[in-house]
file data.cif (mmCIF, C-alpha atoms and all ligand atoms)
data_structure
#
loop_
_atom_site.label_atom_id
_atom_site.label_comp_id
_atom_site.auth_asym_id
_atom_site.auth_seq_id
_atom_site.Cartn_x
_atom_site.Cartn_y
_atom_site.Cartn_z
CA MET Y 1 0.00 0.00 0.00
CA GLY Y 2 1.57 3.24 -1.17
CA GLY Y 3 1.02 6.63 0.40
CA THR Y 4 2.66 9.72 1.77
CA PHE Y 5 1.49 8.83 5.29
CA ASP Y 6 2.06 12.37 6.56
CA PRO Y 7 0.69 11.27 9.00
CA ILE Y 8 -0.73 7.76 8.66
CA HIS Y 9 -4.34 7.69 9.93
CA HIS Y 10 -7.14 5.21 10.60
CA GLY Y 11 -8.52 5.67 7.06
CA HIS Y 12 -5.31 4.15 5.67
CA LEU Y 13 -5.38 1.33 8.21
CA VAL Y 14 -9.03 0.44 7.59
CA ALA Y 15 -8.44 0.50 3.82
CA ALA Y 16 -5.44 -1.82 4.16
CA SER Y 17 -7.27 -4.17 6.49
CA GLU Y 18 -10.29 -4.30 4.19
CA ALA Y 19 -8.17 -5.00 1.09
CA GLN Y 20 -6.23 -7.66 3.00
CA HIS Y 21 -9.46 -9.38 4.01
CA LEU Y 22 -11.35 -9.08 0.72
CA LEU Y 23 -8.45 -10.27 -1.42
CA GLY Y 24 -7.10 -12.82 1.07
CA LEU Y 25 -3.66 -11.23 1.11
CA ASP Y 26 -0.95 -12.80 3.27
CA GLU Y 27 0.63 -9.47 4.06
CA VAL Y 28 0.19 -5.73 3.47
CA ILE Y 29 3.43 -3.81 3.03
CA PHE Y 30 3.06 -0.08 3.62
CA VAL Y 31 5.41 1.91 1.39
CA PRO Y 32 5.85 5.57 2.37
CA THR Y 33 6.83 7.60 -0.71
CA GLY Y 34 10.07 9.50 -0.96
CA HIS Y 35 10.21 13.29 -0.72
CA PRO Y 36 12.68 14.02 -3.49
CA TRP Y 37 11.66 17.58 -4.25
CA GLN Y 38 13.08 18.76 -0.91
CA LYS Y 39 16.73 17.91 -0.91
CA ASN Y 40 17.83 19.57 2.29
CA HIS Y 41 18.45 17.86 5.61
CA ARG Y 42 14.91 18.53 6.81
CA SER Y 43 13.29 16.56 4.02
CA VAL Y 44 15.39 13.52 5.00
CA SER Y 45 14.22 13.66 8.60
CA ARG Y 46 10.68 14.19 7.39
CA ALA Y 47 10.77 10.96 5.38
CA GLU Y 48 12.14 9.26 8.49
CA HIS Y 49 9.27 10.69 10.58
CA ARG Y 50 6.71 9.39 8.07
CA TYR Y 51 8.41 6.00 8.03
CA LEU Y 52 8.52 5.76 11.83
CA MET Y 53 4.89 6.85 12.25
CA THR Y 54 3.93 4.13 9.76
CA VAL Y 55 5.94 1.56 11.73
CA ILE Y 56 4.26 2.64 14.99
CA ALA Y 57 0.77 2.51 13.43
CA THR Y 58 1.23 -0.95 11.92
CA ALA Y 59 3.34 -2.64 14.61
CA SER Y 60 0.50 -4.51 16.33
CA ASN Y 61 -0.83 -6.18 13.16
CA PRO Y 62 1.09 -9.36 12.26
CA ARG Y 63 0.00 -9.00 8.61
CA PHE Y 64 1.26 -5.41 8.29
CA SER Y 65 4.84 -4.35 7.63
CA VAL Y 66 6.61 -1.26 6.29
CA SER Y 67 9.11 -0.98 3.43
CA ARG Y 68 11.82 1.64 3.03
CA VAL Y 69 12.24 1.11 -0.74
CA ASP Y 70 10.79 4.49 -1.75
CA ILE Y 71 12.31 6.59 1.01
CA ASP Y 72 15.76 5.05 0.50
CA ARG Y 73 15.77 5.39 -3.33
CA PRO Y 74 17.18 8.72 -4.51
CA GLY Y 75 15.16 10.75 -7.02
CA PRO Y 76 11.43 11.03 -7.60
CA THR Y 77 9.20 8.11 -6.57
CA TYR Y 78 7.72 6.26 -9.53
CA THR Y 79 5.36 3.35 -8.92
CA ILE Y 80 7.22 1.29 -11.51
CA ASP Y 81 10.40 1.48 -9.38
CA THR Y 82 8.45 0.66 -6.22
CA LEU Y 83 7.05 -2.47 -7.84
CA ARG Y 84 10.39 -3.54 -9.28
CA ASP Y 85 12.03 -3.22 -5.87
CA LEU Y 86 9.22 -5.10 -4.14
CA ARG Y 87 9.41 -7.80 -6.81
CA THR Y 88 13.15 -8.19 -6.21
CA ALA Y 89 12.57 -8.46 -2.46
CA ASN Y 90 9.64 -10.90 -2.91
CA PRO Y 91 10.42 -12.90 -6.07
CA ASP Y 92 7.69 -15.52 -5.58
CA ALA Y 93 4.86 -13.27 -4.42
CA ASP Y 94 1.75 -12.16 -6.32
CA LEU Y 95 1.89 -8.40 -5.87
CA PHE Y 96 -1.18 -6.21 -5.38
CA PHE Y 97 -0.65 -2.47 -5.36
CA ILE Y 98 -3.23 -0.86 -3.07
CA THR Y 99 -3.87 2.84 -3.15
CA GLY Y 100 -6.71 5.34 -3.10
CA ALA Y 101 -8.90 5.36 -6.20
CA ASP Y 102 -7.89 9.00 -6.73
CA ALA Y 103 -4.19 8.17 -6.85
CA LEU Y 104 -4.85 5.10 -9.00
CA GLU Y 105 -6.37 7.15 -11.80
CA GLN Y 106 -3.19 9.20 -11.99
CA ILE Y 107 -0.83 6.24 -11.84
CA LEU Y 108 -2.65 4.32 -14.57
CA SER Y 109 -2.83 7.28 -16.92
CA TRP Y 110 0.94 7.15 -17.32
CA LYS Y 111 2.29 6.05 -20.64
CA ASP Y 112 4.15 3.05 -19.23
CA ALA Y 113 0.99 1.71 -17.55
CA ASP Y 114 1.19 -1.57 -19.49
CA GLU Y 115 4.44 -2.44 -17.76
CA LEU Y 116 2.82 -1.76 -14.40
CA PHE Y 117 0.25 -4.47 -15.04
CA ASP Y 118 2.99 -7.02 -15.65
CA LEU Y 119 4.28 -6.35 -12.17
CA ALA Y 120 1.14 -6.16 -10.05
CA HIS Y 121 -2.62 -6.25 -9.78
CA PHE Y 122 -3.96 -2.80 -8.85
CA VAL Y 123 -6.47 -2.23 -6.07
CA GLY Y 124 -8.21 1.13 -5.75
CA VAL Y 125 -9.88 1.88 -2.42
CA THR Y 126 -12.46 4.61 -2.03
CA ARG Y 127 -13.12 7.14 0.63
CA PRO Y 128 -15.94 9.60 1.17
CA GLY Y 129 -15.99 12.30 -1.48
CA HIS Y 130 -14.04 10.21 -3.99
CA GLU Y 131 -16.51 8.60 -6.36
CA LEU Y 132 -15.72 5.11 -7.61
CA SER Y 133 -15.44 5.04 -11.36
CA ASP Y 134 -13.86 2.43 -13.57
CA GLU Y 135 -14.09 4.69 -16.58
CA GLY Y 136 -10.82 4.64 -18.45
CA LEU Y 137 -9.42 1.84 -16.34
CA PRO Y 138 -8.42 -1.40 -18.04
CA GLU Y 139 -10.79 -4.34 -17.53
CA LYS Y 140 -8.10 -6.66 -16.26
CA GLY Y 141 -5.58 -5.91 -13.58
CA VAL Y 142 -7.63 -3.46 -11.53
CA THR Y 143 -10.02 -4.04 -8.62
CA LEU Y 144 -11.99 -1.19 -7.09
CA THR Y 145 -13.00 -1.70 -3.48
CA GLU Y 146 -15.31 0.24 -1.22
CA VAL Y 147 -14.00 0.58 2.31
CA PRO Y 148 -16.06 1.57 5.34
CA ALA Y 149 -16.46 5.33 5.15
CA MET Y 150 -13.85 7.18 7.17
CA ALA Y 151 -13.78 10.88 6.43
CA ILE Y 152 -10.18 11.27 7.55
CA SER Y 153 -7.32 12.75 5.52
CA SER Y 154 -3.72 13.53 6.40
CA THR Y 155 -4.32 17.11 5.28
CA ASP Y 156 -7.07 17.46 7.87
CA CYS Y 157 -4.92 15.84 10.56
CA ARG Y 158 -2.07 18.29 9.83
CA SER Y 159 -4.30 21.34 9.94
CA ARG Y 160 -5.91 20.12 13.17
CA VAL Y 161 -2.52 19.79 14.83
CA ALA Y 162 -1.51 23.22 13.52
CA GLY Y 163 -4.65 24.67 15.07
CA SER Y 164 -4.26 22.76 18.37
CA VAL Y 165 -7.37 20.68 17.59
CA PRO Y 166 -7.08 17.07 18.84
CA VAL Y 167 -6.28 14.21 16.46
CA TRP Y 168 -6.89 11.53 19.07
CA TYR Y 169 -8.83 8.61 17.53
CA LEU Y 170 -8.24 9.87 13.99
CA VAL Y 171 -4.69 8.50 14.08
CA PRO Y 172 -3.35 5.68 16.32
CA ASP Y 173 -2.43 6.71 19.88
CA GLY Y 174 1.29 6.14 19.31
CA VAL Y 175 1.18 8.45 16.28
CA VAL Y 176 -0.50 11.21 18.32
CA GLN Y 177 2.31 10.86 20.86
CA TYR Y 178 4.97 10.81 18.13
CA ILE Y 179 3.55 14.00 16.56
CA ASN Y 180 3.59 15.72 19.96
CA LYS Y 181 7.05 14.45 20.84
CA TYR Y 182 8.62 15.96 17.69
CA GLY Y 183 6.31 18.94 17.35
CA LEU Y 184 5.26 17.89 13.84
CA TYR Y 185 2.77 20.02 11.91
CA ARG Y 186 2.97 22.90 14.39
CA PRO Y 187 3.66 26.43 13.27
CA GLN Y 188 7.45 26.89 13.36
CA SER Y 189 7.48 28.86 16.63
CA GLN Y 190 5.72 26.08 18.55
CA ALA Y 191 7.69 23.17 17.12
CA ALA Y 192 9.99 21.27 19.47
CA GLY Y 193 12.67 20.30 16.96
CA GLY Y 194 10.41 18.37 14.62
CA GLY Y 195 12.57 19.06 11.60
CA GLN Y 196 9.67 19.69 9.28
P1 LIG I 1 -3.16 14.07 2.02
O1 LIG I 1 -4.37 14.66 2.64
O2 LIG I 1 -1.87 14.65 2.51
O3 LIG I 1 -3.23 13.94 0.54
P2 LIG I 1 -4.13 11.41 2.42
O4 LIG I 1 -5.00 11.33 3.62
O5 LIG I 1 -4.77 11.43 1.08
O6 LIG I 1 -3.09 12.58 2.58
P3 LIG I 1 -2.12 9.68 1.46
O7 LIG I 1 -0.88 9.33 2.19
O8 LIG I 1 -2.05 10.58 0.29
O9 LIG I 1 -3.13 10.25 2.56
O10 LIG I 1 -2.95 8.38 1.18
C1 LIG I 1 -2.49 7.26 0.51
C2 LIG I 1 -3.68 6.65 -0.16
O11 LIG I 1 -4.69 6.31 0.81
C3 LIG I 1 -4.29 7.68 -1.10
O12 LIG I 1 -4.35 7.12 -2.38
C4 LIG I 1 -5.63 7.97 -0.52
O13 LIG I 1 -6.64 8.10 -1.50
C5 LIG I 1 -5.94 6.79 0.38
N1 LIG I 1 -6.70 7.26 1.52
C6 LIG I 1 -6.42 8.31 2.29
N2 LIG I 1 -7.35 8.49 3.25
C7 LIG I 1 -8.27 7.50 3.08
C8 LIG I 1 -9.50 7.15 3.75
N3 LIG I 1 -9.96 7.86 4.79
N4 LIG I 1 -10.18 6.07 3.30
C9 LIG I 1 -9.71 5.37 2.23
N5 LIG I 1 -8.56 5.64 1.55
C10 LIG I 1 -7.85 6.70 1.97
MG MG I 2 -3.93 12.36 -0.69
#
call {"tool": "encode", "arguments": {"input": "data.cif", "output": "structure tokens", "more": "lines below"}}
Ligand code: ATP
Ligand code: MG
result
Amino acid sequence: MGGTFDPIHHGHLVAASEAQHLLGLDEVIFVPTGHPWQKNHRSVSRAEHRYLMTVIATASNPRFSVSRVDIDRPGPTYTIDTLRDLRTANPDADLFFITGADALEQILSWKDADELFDLAHFVGVTRPGHELSDEGLPEKGVTLTEVPAMAISSTDCRSRVAGSVPVWYLVPDGVVQYINKYGLYRPQSQAAGGGQ
């Protein structure tokens, strides 16, 4: 499951759990994307924050794990590279690439989409406000899945933290504590060395 996970929230976790169950997947690997357009020191620590929050959020589920392939690869994150790296690490696995239906439309509109389908089956999960549509999607190789409605986004979580509005129960407890510990998403003056 690919995402920015800035921060990871219960919408992501429910979507992953639902896809795991519906498709009978052995494992869901969360893959935080790289942040290549910010090449200073802060962007590196930010990728590390996103990775660690994802580890914290998924640690209790034996079927969930986190991969560093995208955050460790220099340059922009392309799904084709993600899938090639995951294929190399899991040569015998059937790969399913899970992401939001919104992101899926973008990924599959790329010109090298055919190659993507050789590497994985694509799973698009919905959330409130993002209509399911298989228009323009190939018939084979894509599954669209409705997940229980959770009107949570990372954008909303970030702006809540910035405005001192609680994010308890929108993100896992350990992620709330991690955000507070490093002062993530706070206006600069309030941050406690979060390195945003
Ligand atoms: P941002 O608000 O910063 O864009 P986000 O909440 O969309 O963050 P991403 O890390 O971009 O989170 O999400 C990864 C994928 O998970 C996206 O493709 C997105 O559509 C999907 N997703 C995000 N929130 C939900 C949700 N509440 N329910 C189902 N899918 C979700
Ligand atoms: Mg998004």
call {"tool": "closest_atom_pairs", "arguments": {"input": "data.cif", "of": "chain Y", "to": "ligand MG 2 (chain I)", "cutoff": "8 Å", "atoms": "all atoms listed in the file", "output": "JSON lines"}}
result
{"residue": "Y:Gly3", "atom": "CA", "partner": "I:MG2", "partner_atom": "MG", "distance": 7.7}
{"residue": "Y:Thr4", "atom": "CA", "partner": "I:MG2", "partner_atom": "MG", "distance": 7.5}
{"residue": "Y:Gly100", "atom": "CA", "partner": "I:MG2", "partner_atom": "MG", "distance": 7.9}
{"residue": "Y:Asp102", "atom": "CA", "partner": "I:MG2", "partner_atom": "MG", "distance": 8.0}
{"residue": "Y:Ala103", "atom": "CA", "partner": "I:MG2", "partner_atom": "MG", "distance": 7.5}
{"residue": "Y:Ser153", "atom": "CA", "partner": "I:MG2", "partner_atom": "MG", "distance": 7.1}
{"residue": "Y:Ser154", "atom": "CA", "partner": "I:MG2", "partner_atom": "MG", "distance": 7.2}
{"residue": "Y:Thr155", "atom": "CA", "partner": "I:MG2", "partner_atom": "MG", "distance": 7.6}
call {"tool": "closest_residue", "arguments": {"input": "data.cif", "among": "Y:Asn90, Y:Gln177, Y:Thr54, Y:Ser164", "to": "ligand LIG 1 (chain I)", "atoms": "all atoms listed in the file"}}
result
Y:Thr54
call {"tool": "residues_around", "arguments": {"input": "data.cif", "residues": "Val123 in chain Y", "least_positions_apart": "6", "cutoff": "9 Å", "atoms": "all atoms listed in the file", "output": "JSON, numbers by chain"}}
result
{"Y": [19, 96, 97, 98, 99, 100, 101, 104, 141, 142, 143, 144, 145]}
call {"tool": "write_last_selection", "arguments": {"input": "data.cif", "atoms": "C-alpha atoms", "output": "PDB file, keeping the file's coordinate frame"}}
result
ATOM      1  CA  ALA Y  19      -8.170  -5.000   1.090  1.00  0.00           C
ATOM      2  CA  PHE Y  96      -1.180  -6.210  -5.380  1.00  0.00           C
ATOM      3  CA  PHE Y  97      -0.650  -2.470  -5.360  1.00  0.00           C
ATOM      4  CA  ILE Y  98      -3.230  -0.860  -3.070  1.00  0.00           C
ATOM      5  CA  THR Y  99      -3.870   2.840  -3.150  1.00  0.00           C
ATOM      6  CA  GLY Y 100      -6.710   5.340  -3.100  1.00  0.00           C
ATOM      7  CA  ALA Y 101      -8.900   5.360  -6.200  1.00  0.00           C
ATOM      8  CA  LEU Y 104      -4.850   5.100  -9.000  1.00  0.00           C
ATOM      9  CA  GLY Y 141      -5.580  -5.910 -13.580  1.00  0.00           C
ATOM     10  CA  VAL Y 142      -7.630  -3.460 -11.530  1.00  0.00           C
ATOM     11  CA  THR Y 143     -10.020  -4.040  -8.620  1.00  0.00           C
ATOM     12  CA  LEU Y 144     -11.990  -1.190  -7.090  1.00  0.00           C
ATOM     13  CA  THR Y 145     -13.000  -1.700  -3.480  1.00  0.00           C
TER      14      THR Y 145
END
call {"tool": "axis_aligned_box", "arguments": {"input": "data.cif", "around": "ligand LIG 1 (chain I)", "padding_each_side": "3 Å", "output": "AutoDock Vina command-line options"}}
result
--center_x -5.5 --center_y 10.0 --center_z 1.2 --size_x 15.3 --size_y 15.3 --size_z 13.2
call {"tool": "residues_near_ligand", "arguments": {"input": "data.cif", "ligand": "ligand LIG 1 (chain I)", "cutoff": "9 Å", "atoms": "only C-alpha atoms and all ligand atoms", "output": "PyMOL selection string"}}
result
chain Y and resi 1-16+32-33+98-104+124-128+130+146-158
call {"tool": "closest_residue", "arguments": {"input": "data.cif", "among": "Y:Phe117, Y:Arg68, Y:Gly174, Y:Asp81", "to": "Ile56 in chain Y", "atoms": "only C-alpha atoms"}}
result
Y:Gly174
call {"tool": "residues_around", "arguments": {"input": "data.cif", "residues": "Val69 in chain Y", "least_positions_apart": "3", "cutoff": "12 Å", "atoms": "all atoms listed in the file", "output": "PyMOL selection string"}}
result
chain Y and resi 2+29-34+47+51+66+72-75+77-89
call {"tool": "residues_near_point", "arguments": {"input": "data.cif", "point": "(1.0, -10.2, -5.6)", "cutoff": "7 Å", "atoms": "only C-alpha atoms", "output": "list in words"}}
result
Ala93, Asp94, Leu95, Phe96, Ala120 and His121 of chain Y
call {"tool": "closest_residue", "arguments": {"input": "data.cif", "among": "Y:Gln106, Y:Gly163, Y:Trp168, Y:Phe64", "to": "Leu25 in chain Y", "atoms": "only C-alpha atoms"}}
result
Y:Phe64
call {"tool": "decode", "arguments": {"input": "data.cif", "residues": "range 82-188 of chain Y", "atoms": "C-alpha atoms", "output": "CSV table (one decimal), in the first residue's frame"}}
result
chain,number,residue,atom,x,y,z
Y,82,THR,CA,8.5,0.7,-6.2
Y,83,LEU,CA,7.1,-2.5,-7.8
Y,84,ARG,CA,10.4,-3.5,-9.3
Y,85,ASP,CA,12.0,-3.2,-5.9
Y,86,LEU,CA,9.2,-5.1,-4.1
Y,87,ARG,CA,9.4,-7.8,-6.8
Y,88,THR,CA,13.2,-8.2,-6.2
Y,89,ALA,CA,12.6,-8.5,-2.5
Y,90,ASN,CA,9.6,-10.9,-2.9
Y,91,PRO,CA,10.4,-12.9,-6.1
Y,92,ASP,CA,7.7,-15.5,-5.6
Y,93,ALA,CA,4.9,-13.3,-4.4
Y,94,ASP,CA,1.8,-12.2,-6.3
Y,95,LEU,CA,1.9,-8.4,-5.9
Y,96,PHE,CA,-1.2,-6.2,-5.4
Y,97,PHE,CA,-0.6,-2.5,-5.4
Y,98,ILE,CA,-3.2,-0.9,-3.1
Y,99,THR,CA,-3.9,2.8,-3.1
Y,100,GLY,CA,-6.7,5.3,-3.1
Y,101,ALA,CA,-8.9,5.4,-6.2
Y,102,ASP,CA,-7.9,9.0,-6.7
Y,103,ALA,CA,-4.2,8.2,-6.9
Y,104,LEU,CA,-4.8,5.1,-9.0
Y,105,GLU,CA,-6.4,7.1,-11.8
Y,106,GLN,CA,-3.2,9.2,-12.0
Y,107,ILE,CA,-0.8,6.2,-11.8
Y,108,LEU,CA,-2.6,4.3,-14.6
Y,109,SER,CA,-2.8,7.3,-16.9
Y,110,TRP,CA,0.9,7.1,-17.3
Y,111,LYS,CA,2.3,6.1,-20.6
Y,112,ASP,CA,4.2,3.0,-19.2
Y,113,ALA,CA,1.0,1.7,-17.5
Y,114,ASP,CA,1.2,-1.6,-19.5
Y,115,GLU,CA,4.4,-2.4,-17.8
Y,116,LEU,CA,2.8,-1.8,-14.4
Y,117,PHE,CA,0.3,-4.5,-15.0
Y,118,ASP,CA,3.0,-7.0,-15.7
Y,119,LEU,CA,4.3,-6.3,-12.2
Y,120,ALA,CA,1.1,-6.2,-10.1
Y,121,HIS,CA,-2.6,-6.2,-9.8
Y,122,PHE,CA,-4.0,-2.8,-8.8
Y,123,VAL,CA,-6.5,-2.2,-6.1
Y,124,GLY,CA,-8.2,1.1,-5.8
Y,125,VAL,CA,-9.9,1.9,-2.4
Y,126,THR,CA,-12.5,4.6,-2.0
Y,127,ARG,CA,-13.1,7.1,0.6
Y,128,PRO,CA,-15.9,9.6,1.2
Y,129,GLY,CA,-16.0,12.3,-1.5
Y,130,HIS,CA,-14.0,10.2,-4.0
Y,131,GLU,CA,-16.5,8.6,-6.4
Y,132,LEU,CA,-15.7,5.1,-7.6
Y,133,SER,CA,-15.4,5.0,-11.4
Y,134,ASP,CA,-13.9,2.4,-13.6
Y,135,GLU,CA,-14.1,4.7,-16.6
Y,136,GLY,CA,-10.8,4.6,-18.5
Y,137,LEU,CA,-9.4,1.8,-16.3
Y,138,PRO,CA,-8.4,-1.4,-18.0
Y,139,GLU,CA,-10.8,-4.3,-17.5
Y,140,LYS,CA,-8.1,-6.7,-16.3
Y,141,GLY,CA,-5.6,-5.9,-13.6
Y,142,VAL,CA,-7.6,-3.5,-11.5
Y,143,THR,CA,-10.0,-4.0,-8.6
Y,144,LEU,CA,-12.0,-1.2,-7.1
Y,145,THR,CA,-13.0,-1.7,-3.5
Y,146,GLU,CA,-15.3,0.2,-1.2
Y,147,VAL,CA,-14.0,0.6,2.3
Y,148,PRO,CA,-16.1,1.6,5.3
Y,149,ALA,CA,-16.5,5.3,5.2
Y,150,MET,CA,-13.9,7.2,7.2
Y,151,ALA,CA,-13.8,10.9,6.4
Y,152,ILE,CA,-10.2,11.3,7.5
Y,153,SER,CA,-7.3,12.7,5.5
Y,154,SER,CA,-3.7,13.5,6.4
Y,155,THR,CA,-4.3,17.1,5.3
Y,156,ASP,CA,-7.1,17.5,7.9
Y,157,CYS,CA,-4.9,15.8,10.6
Y,158,ARG,CA,-2.1,18.3,9.8
Y,159,SER,CA,-4.3,21.3,9.9
Y,160,ARG,CA,-5.9,20.1,13.2
Y,161,VAL,CA,-2.5,19.8,14.8
Y,162,ALA,CA,-1.5,23.2,13.5
Y,163,GLY,CA,-4.7,24.7,15.1
Y,164,SER,CA,-4.3,22.8,18.4
Y,165,VAL,CA,-7.4,20.7,17.6
Y,166,PRO,CA,-7.1,17.1,18.8
Y,167,VAL,CA,-6.3,14.2,16.5
Y,168,TRP,CA,-6.9,11.5,19.1
Y,169,TYR,CA,-8.8,8.6,17.5
Y,170,LEU,CA,-8.2,9.9,14.0
Y,171,VAL,CA,-4.7,8.5,14.1
Y,172,PRO,CA,-3.3,5.7,16.3
Y,173,ASP,CA,-2.4,6.7,19.9
Y,174,GLY,CA,1.3,6.1,19.3
Y,175,VAL,CA,1.2,8.4,16.3
Y,176,VAL,CA,-0.5,11.2,18.3
Y,177,GLN,CA,2.3,10.9,20.9
Y,178,TYR,CA,5.0,10.8,18.1
Y,179,ILE,CA,3.5,14.0,16.6
Y,180,ASN,CA,3.6,15.7,20.0
Y,181,LYS,CA,7.0,14.5,20.8
Y,182,TYR,CA,8.6,16.0,17.7
Y,183,GLY,CA,6.3,18.9,17.4
Y,184,LEU,CA,5.3,17.9,13.8
Y,185,TYR,CA,2.8,20.0,11.9
Y,186,ARG,CA,3.0,22.9,14.4
Y,187,PRO,CA,3.7,26.4,13.3
Y,188,GLN,CA,7.5,26.9,13.4
